[in-house]
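J.: Supplied structure: work-v4.pdb, PDB, C-alpha atoms.
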```
ATOM      1  CA  ASN Y   1       0.000   0.000   0.000
ATOM      2  CA  SER Y   2       2.901   2.364   0.592
ATOM      3  CA  GLY Y   3       3.847   2.323  -3.097
ATOM      4  CA  LEU Y   4       6.721   4.642  -3.967
ATOM      5  CA  LEU Y   5       6.975   5.822  -0.375
ATOM      6  CA  GLY Y   6       8.537   2.469   0.535
ATOM      7  CA  CYS Y   7       7.438  -0.266   2.885
ATOM      8  CA  ILE Y   8       7.935  -1.515   6.430
ATOM      9  CA  ASN Y   9       8.378  -5.217   7.223
ATOM     10  CA  LEU Y  10       7.248  -6.308  10.653
ATOM     11  CA  THR Y  11       8.379  -9.726  11.790
ATOM     12  CA  GLY Y  12       7.534 -11.708  14.859
ATOM     13  CA  LYS Y  13       4.599 -13.456  16.432
ATOM     14  CA  PHE Y  14       1.291 -11.632  16.130
ATOM     15  CA  SER Y  15      -2.069 -12.690  17.464
ATOM     16  CA  ILE Y  16      -5.114 -12.130  15.313
ATOM     17  CA  PHE Y  17      -6.133  -9.274  17.611
ATOM     18  CA  GLY Y  18      -2.683  -7.706  17.417
ATOM     19  CA  SER Y  19      -2.739  -7.890  13.629
ATOM     20  CA  LEU Y  20      -6.207  -6.350  13.441
ATOM     21  CA  GLY Y  21      -5.142  -3.609  15.823
ATOM     22  CA  LEU Y  22      -2.098  -2.865  13.694
ATOM     23  CA  LEU Y  23      -4.241  -2.691  10.548
ATOM     24  CA  ALA Y  24      -6.700  -0.384  12.273
ATOM     25  CA  PHE Y  25      -3.862   1.904  13.350
ATOM     26  CA  TYR Y  26      -2.431   1.829   9.814
ATOM     27  CA  ASN Y  27      -5.788   2.763   8.273
ATOM     28  CA  SER Y  28      -6.187   5.647  10.727
ATOM     29  CA  LEU Y  29      -2.679   6.903   9.968
ATOM     30  CA  VAL Y  30      -3.288   6.754   6.204
ATOM     31  CA  SER Y  31      -6.561   8.651   6.615
ATOM     32  CA  ILE Y  32      -4.795  11.403   8.585
ATOM     33  CA  ILE Y  33      -2.041  11.702   5.977
ATOM     34  CA  GLU Y  34      -4.567  11.769   3.124
ATOM     35  CA  GLY Y  35      -6.488  14.501   4.946
ATOM     36  CA  ILE Y  36      -3.322  16.578   5.305
ATOM     37  CA  VAL Y  37      -2.477  16.141   1.610
ATOM     38  CA  ILE Y  38      -6.008  16.976   0.460
ATOM     39  CA  ASN Y  39      -6.136  20.050   2.704
ATOM     40  CA  TYR Y  40      -2.771  21.222   1.349
ATOM     41  CA  ARG Y  41      -3.931  20.770  -2.238
ATOM     42  CA  LEU Y  42      -7.157  22.644  -1.534
ATOM     43  CA  GLN Y  43      -5.168  25.500   0.007
ATOM     44  CA  GLN Y  44      -2.917  25.653  -3.063
ATOM     45  CA  LEU Y  45      -5.967  25.639  -5.344
ATOM     46  CA  LEU Y  46      -7.567  28.423  -3.311
ATOM     47  CA  LYS Y  47      -4.383  30.519  -3.472
ATOM     48  CA  SER Y  48      -4.168  29.999  -7.234
ATOM     49  CA  GLY Y  49      -7.795  31.030  -7.622
ATOM     50  CA  LEU Y  50      -7.268  34.130  -5.487
ATOM     51  CA  ASP Y  51      -4.232  35.095  -7.585
ATOM     52  CA  SER Y  52      -6.241  34.945 -10.818
ATOM     53  CA  LEU Y  53      -9.231  36.750  -9.350
ATOM     54  CA  TYR Y  54      -6.995  39.402  -7.787
ATOM     55  CA  LYS Y  55      -5.442  40.264 -11.146
ATOM     56  CA  ALA Y  56      -8.778  40.249 -12.982
ATOM     57  CA  LEU Y  57     -10.562  42.439 -10.434
ATOM     58  CA  ASN Y  58      -7.740  44.938 -10.248
ATOM     59  CA  GLU Y  59      -7.812  45.292 -14.015
ATOM     60  CA  ARG Y  60     -11.453  46.315 -13.597
ATOM     61  CA  ALA Y  61     -10.367  48.765 -10.919
ATOM     62  CA  ARG Y  62      -7.928  50.303 -13.451
ATOM     63  CA  LEU Y  63      -4.842  49.296 -11.468
ATOM     64  CA  SER Y  64      -1.590  48.724 -13.344
ATOM     65  CA  ASP Y  65       1.069  46.156 -12.493
ATOM     66  CA  ALA Y  66       3.079  48.989 -10.936
ATOM     67  CA  ASP Y  67       0.086  49.864  -8.743
ATOM     68  CA  LEU Y  68      -0.213  46.266  -7.543
ATOM     69  CA  VAL Y  69       3.495  46.141  -6.736
ATOM     70  CA  LYS Y  70       3.133  49.370  -4.759
ATOM     71  CA  MET Y  71       0.216  47.941  -2.749
ATOM     72  CA  GLU Y  72       2.268  44.846  -1.963
ATOM     73  CA  ARG Y  73       5.297  46.885  -0.924
ATOM     74  CA  ILE Y  74       3.212  49.006   1.442
ATOM     75  CA  SER Y  75       1.393  46.004   2.910
ATOM     76  CA  PHE Y  76       4.494  43.832   3.326
ATOM     77  CA  GLN Y  77       6.533  46.590   4.949
ATOM     78  CA  LEU Y  78       3.783  47.384   7.452
ATOM     79  CA  ALA Y  79       3.253  43.664   8.109
ATOM     80  CA  GLU Y  80       6.969  43.261   8.866
ATOM     81  CA  ILE Y  81       6.867  46.192  11.289
ATOM     82  CA  GLU Y  82       3.832  44.684  13.039
ATOM     83  CA  GLY Y  83       5.344  41.190  13.141
ATOM     84  CA  ILE Y  84       2.677  39.730  10.847
ATOM     85  CA  ASP Y  85       3.435  36.789   8.569
ATOM     86  CA  LYS Y  86       4.121  37.971   5.015
ATOM     87  CA  GLU Y  87       2.352  35.020   3.396
ATOM     88  CA  LEU Y  88      -0.788  35.648   5.437
ATOM     89  CA  CYS Y  89      -0.624  39.317   4.466
ATOM     90  CA  SER Y  90      -0.356  38.305   0.792
ATOM     91  CA  ILE Y  91      -3.469  36.127   1.063
ATOM     92  CA  VAL Y  92      -5.395  38.917   2.795
ATOM     93  CA  LEU Y  93      -4.334  41.444   0.165
ATOM     94  CA  LYS Y  94      -5.726  39.194  -2.567
ATOM     95  CA  ALA Y  95      -8.863  38.131  -0.719
ATOM     96  CA  ALA Y  96      -9.902  41.514   0.671
ATOM     97  CA  ASN Y  97     -11.287  42.849  -2.598
ATOM     98  CA  VAL Y  98     -13.046  39.755  -3.916
ATOM     99  CA  GLY Y  99     -16.254  41.724  -3.400
ATOM    100  CA  LEU Y 100     -15.256  44.186  -6.141
ATOM    101  CA  VAL Y 101     -16.912  41.722  -8.489
ATOM    102  CA  GLY Y 102     -20.217  43.297  -7.404
ATOM    103  CA  VAL Y 103     -19.207  46.917  -8.107
ATOM    104  CA  ARG Y 104     -20.213  48.583 -11.391
ATOM    105  CA  ASP Y 105     -17.432  49.473 -13.859
ATOM    106  CA  GLU Y 106     -18.351  53.139 -13.972
ATOM    107  CA  ILE Y 107     -17.730  53.447 -10.220
ATOM    108  CA  PHE Y 108     -14.082  52.523 -10.751
ATOM    109  CA  GLU Y 109     -13.783  55.041 -13.565
ATOM    110  CA  LYS Y 110     -15.158  57.837 -11.384
ATOM    111  CA  ILE Y 111     -12.897  56.894  -8.477
ATOM    112  CA  ARG Y 112      -9.775  56.808 -10.630
ATOM    113  CA  ASP Y 113     -10.721  60.126 -12.284
ATOM    114  CA  GLY Y 114     -11.440  61.753  -8.915
ATOM    115  CA  HIS Y 115     -15.093  62.390  -9.802
ATOM    116  CA  ALA Y 116     -16.772  59.925  -7.441
ATOM    117  CA  SER Y 117     -19.728  61.301  -5.493
ATOM    118  CA  ILE Y 118     -20.641  60.325  -1.928
ATOM    119  CA  ASP Y 119     -23.215  57.899  -3.344
ATOM    120  CA  ASP Y 120     -20.587  56.370  -5.632
ATOM    121  CA  TYR Y 121     -18.206  55.895  -2.725
ATOM    122  CA  THR Y 122     -20.993  54.387  -0.594
ATOM    123  CA  GLU Y 123     -21.723  51.884  -3.343
ATOM    124  CA  TYR Y 124     -18.028  51.095  -3.666
ATOM    125  CA  LEU Y 125     -17.790  50.333   0.071
ATOM    126  CA  LYS Y 126     -20.442  47.617  -0.287
ATOM    127  CA  HIS Y 127     -17.695  45.379  -1.689
ATOM    128  CA  VAL Y 128     -16.575  44.537   1.853
ATOM    129  CA  ASP Y 129     -19.926  42.819   2.480
ATOM    130  CA  TYR Y 130     -20.009  41.204  -0.967
ATOM    131  CA  GLY Y 131     -16.543  39.799  -0.373
ATOM    132  CA  TYR Y 132     -17.374  38.494   3.076
ATOM    133  CA  GLU Y 133     -20.454  36.674   1.737
ATOM    134  CA  ILE Y 134     -18.349  35.062  -0.992
ATOM    135  CA  LEU Y 135     -15.524  33.984   1.314
ATOM    136  CA  LYS Y 136     -17.277  33.072   4.561
ATOM    137  CA  ASP Y 137     -18.037  29.471   3.574
ATOM    138  CA  LEU Y 138     -14.491  28.752   2.393
ATOM    139  CA  ASP Y 139     -11.799  27.243   4.584
ATOM    140  CA  LEU Y 140     -10.141  30.571   5.406
ATOM    141  CA  GLU Y 141      -8.611  31.835   8.608
ATOM    142  CA  LYS Y 142     -10.660  34.272  10.673
ATOM    143  CA  ASP Y 143      -7.907  36.882  10.174
ATOM    144  CA  VAL Y 144      -8.536  36.768   6.420
ATOM    145  CA  LEU Y 145     -12.305  37.142   6.763
ATOM    146  CA  ASP Y 146     -11.974  39.958   9.303
ATOM    147  CA  ALA Y 147      -9.562  41.855   7.052
ATOM    148  CA  CYS Y 148     -11.967  41.469   4.142
ATOM    149  CA  LEU Y 149     -14.854  42.840   6.187
ATOM    150  CA  TYR Y 150     -13.017  45.626   8.030
ATOM    151  CA  HIS Y 151     -10.333  46.961   5.685
ATOM    152  CA  HIS Y 152     -12.219  50.239   5.213
ATOM    153  CA  GLU Y 153     -12.452  50.962   8.939
ATOM    154  CA  PHE Y 154     -10.601  53.942  10.412
ATOM    155  CA  ILE Y 155      -9.198  54.406  13.904
ATOM    156  CA  ASP Y 156     -11.406  57.479  14.348
ATOM    157  CA  GLY Y 157     -14.535  55.315  13.949
ATOM    158  CA  THR Y 158     -15.757  56.872  10.683
ATOM    159  CA  GLY Y 159     -15.585  53.660   8.619
ATOM    160  CA  PRO Y 160     -18.684  51.821   7.336
ATOM    161  CA  LYS Y 161     -18.850  49.435  10.327
ATOM    162  CA  GLY Y 162     -18.031  52.057  12.949
ATOM    163  CA  LEU Y 163     -15.064  50.212  14.467
ATOM    164  CA  ASN Y 164     -12.330  52.330  15.989
ATOM    165  CA  GLY Y 165      -8.889  52.130  17.543
ATOM    166  CA  ASP Y 166      -7.678  48.715  18.604
ATOM    167  CA  ASP Y 167     -11.003  47.098  17.639
ATOM    168  CA  ILE Y 168      -9.806  47.098  14.028
ATOM    169  CA  PRO Y 169      -7.562  44.134  13.109
ATOM    170  CA  LYS Y 170      -4.018  45.163  12.150
ATOM    171  CA  LEU Y 171      -4.250  43.251   8.879
ATOM    172  CA  ALA Y 172      -7.369  45.190   7.952
ATOM    173  CA  LEU Y 173      -5.581  48.488   8.609
ATOM    174  CA  ILE Y 174      -2.549  47.384   6.604
ATOM    175  CA  VAL Y 175      -4.541  46.400   3.532
ATOM    176  CA  GLY Y 176      -6.839  49.364   3.983
ATOM    177  CA  ILE Y 177      -4.155  52.043   3.906
ATOM    178  CA  SER Y 178      -2.480  50.495   0.857
ATOM    179  CA  GLU Y 179      -5.808  50.518  -0.974
ATOM    180  CA  HIS Y 180      -6.650  54.070   0.028
ATOM    181  CA  ILE Y 181      -3.290  55.328  -1.207
ATOM    182  CA  VAL Y 182      -3.010  53.355  -4.452
ATOM    183  CA  LEU Y 183      -6.587  52.726  -5.596
ATOM    184  CA  LEU Y 184      -8.421  55.659  -4.079
ATOM    185  CA  GLY Y 185      -5.564  58.152  -4.397
ATOM    186  CA  TRP Y 186      -5.734  59.560  -0.873
ATOM    187  CA  ASP Y 187      -2.910  61.873   0.140
ATOM    188  CA  ARG Y 188      -1.257  62.385   3.515
ATOM    189  CA  GLU Y 189      -3.712  65.100   4.567
ATOM    190  CA  ARG Y 190      -6.764  62.974   3.829
ATOM    191  CA  LEU Y 191      -5.290  59.980   5.664
ATOM    192  CA  LYS Y 192      -4.536  62.030   8.773
ATOM    193  CA  GLY Y 193      -6.516  60.825  11.777
ATOM    194  CA  LYS Y 194      -7.755  57.789   9.860
ATOM    195  CA  TYR Y 195      -4.619  55.763  10.572
ATOM    196  CA  ALA Y 196      -1.819  55.949  13.108
ATOM    197  CA  ASP Y 197       0.810  58.524  12.197
ATOM    198  CA  GLU Y 198       3.550  55.883  11.871
ATOM    199  CA  PHE Y 199       1.362  53.890   9.465
ATOM    200  CA  ILE Y 200       0.831  56.957   7.299
ATOM    201  CA  GLU Y 201       4.495  57.940   7.350
ATOM    202  CA  THR Y 202       5.724  54.470   6.398
ATOM    203  CA  ALA Y 203       3.083  53.950   3.702
ATOM    204  CA  MET Y 204       3.578  57.359   2.098
ATOM    205  CA  ASN Y 205       7.360  56.958   2.009
ATOM    206  CA  ILE Y 206       7.020  53.613   0.207
ATOM    207  CA  SER Y 207       4.425  54.951  -2.252
ATOM    208  CA  ARG Y 208       6.696  57.709  -3.577
TER     209      ARG Y 208
END
```
Could you show the structure in this file as structure tokens?
T.:
Amino acid sequence: NSGLLGCINLTGKFSIFGSLGLLAFYNSLVSIIEGIVINYRLQQLLKSGLDSLYKALNERARLSDADLVKMERISFQLAEIEGIDKELCSIVLKAANVGLVGVRDEIFEKIRDGHASIDDYTEYLKHVDYGYEILKDLDLEKDVLDACLYHHEFIDGTGPKGLNGDDIPKLALIVGISEHIVLLGWDRERLKGKYADEFIETAMNISR
């Protein structure tokens, strides 16, 4: 049964009960290993799917490859400062905007041109709920789901969900500030009070 993995020869005297017990243990071990392999493959498939969706959605949002690199640089640098795993940050960055699939094309055009109205921006913010609904039934860490739902929250409590200060997950703040700088085009003055000063300083220096 071990195939290319090799085999183990057990010699000695075994009772029928000992042999059955050994087989039962073997079957349990194989099931555990198969579960680990299947889970790993599903995770890889999910990551691959997120990569493709991330690129497609950001094309709709009128983001260039240089823009995406800038978002990653901001997010990864802030994650390193906060002691957050870079791979987890990468997954969050790609999962956070899955909900953009529900936003109309013309909204992106207005945002990129700087002509978005309050109603346009309100509609745009609905993507956090769309994304959460899409992702909530997948095998994702709570940190990923929370960042998807709360990445437009501000420490002053003026975000769509009304969270403030330390109630907002760090990953959500990290992805949020990178999106506000690169996609929404916010400058230092507009970011002031919405994020911690050190977040703003670091992110703006990287975005230059």
J.: Measuring atom to atom with all atoms listed in the file, identify which of Y:Lys170, Y:Arg62, Y:Lys94, Y:Lys136 is nearest to Glu82 in chain Y.
T.: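 When distances to Glu82 in chain Y are compared using all atoms listed in the file, the smallest one comes from Y:Lys170.
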J.: Considering only C-alpha atoms, state which residue in the set Y:Thr11, Y:Glu109, Y:His127, Y:Gly165 is at the smallest distance from Glu59 in chain Y.
T.: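 Looking at the shortest contact to Glu59 in chain Y, the residue is Y:Glu109.
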J.: Between Y:Leu63, Y:Gly131, Y:Lys86, Y:Arg208, which is the closest to Asp187 in chain Y once you count all atoms listed in the file?
T.: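 Nearest to Asp187 in chain Y: Y:Arg208.
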J.: At what distance in Å, to one decimal, does CA of Val98 in chain Y lie from CA of Ser52 in chain Y?
T.: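 Separation of CA of Ser52 in chain Y and CA of Val98 in chain Y: 10.8 Å.
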J.: When you count only C-alpha atoms, which of these residues is closest to Glu123 in chain Y: Y:Ala66, Y:Leu100, Y:Ala56, Y:Leu149?
T.: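 Result for the nearest residue to Glu123 in chain Y: Y:Leu100.
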J.: When you draw a straight line from CA of Ile84 in chain Y to CA of Leu171 in chain Y, how long is it in Å?
T.: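 Between CA of Ile84 in chain Y and CA of Leu171 in chain Y the gap works out to 8.0 Å.
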J.: Do you have the CA of Ile74 in chain Y-CA of Asp137 in chain Y distance handy?
T.: 28.9 Å
J.: Within 12 Å of Asn58 in chain Y, counting all atoms listed in the file, which residues show up once you throw out same-chain ones fewer than 6 positions away? Write them as a PyMOL selection string, please.
T.: chain Y and resi 50-52+64-69+71+93-101+103+105+108+179+182-183
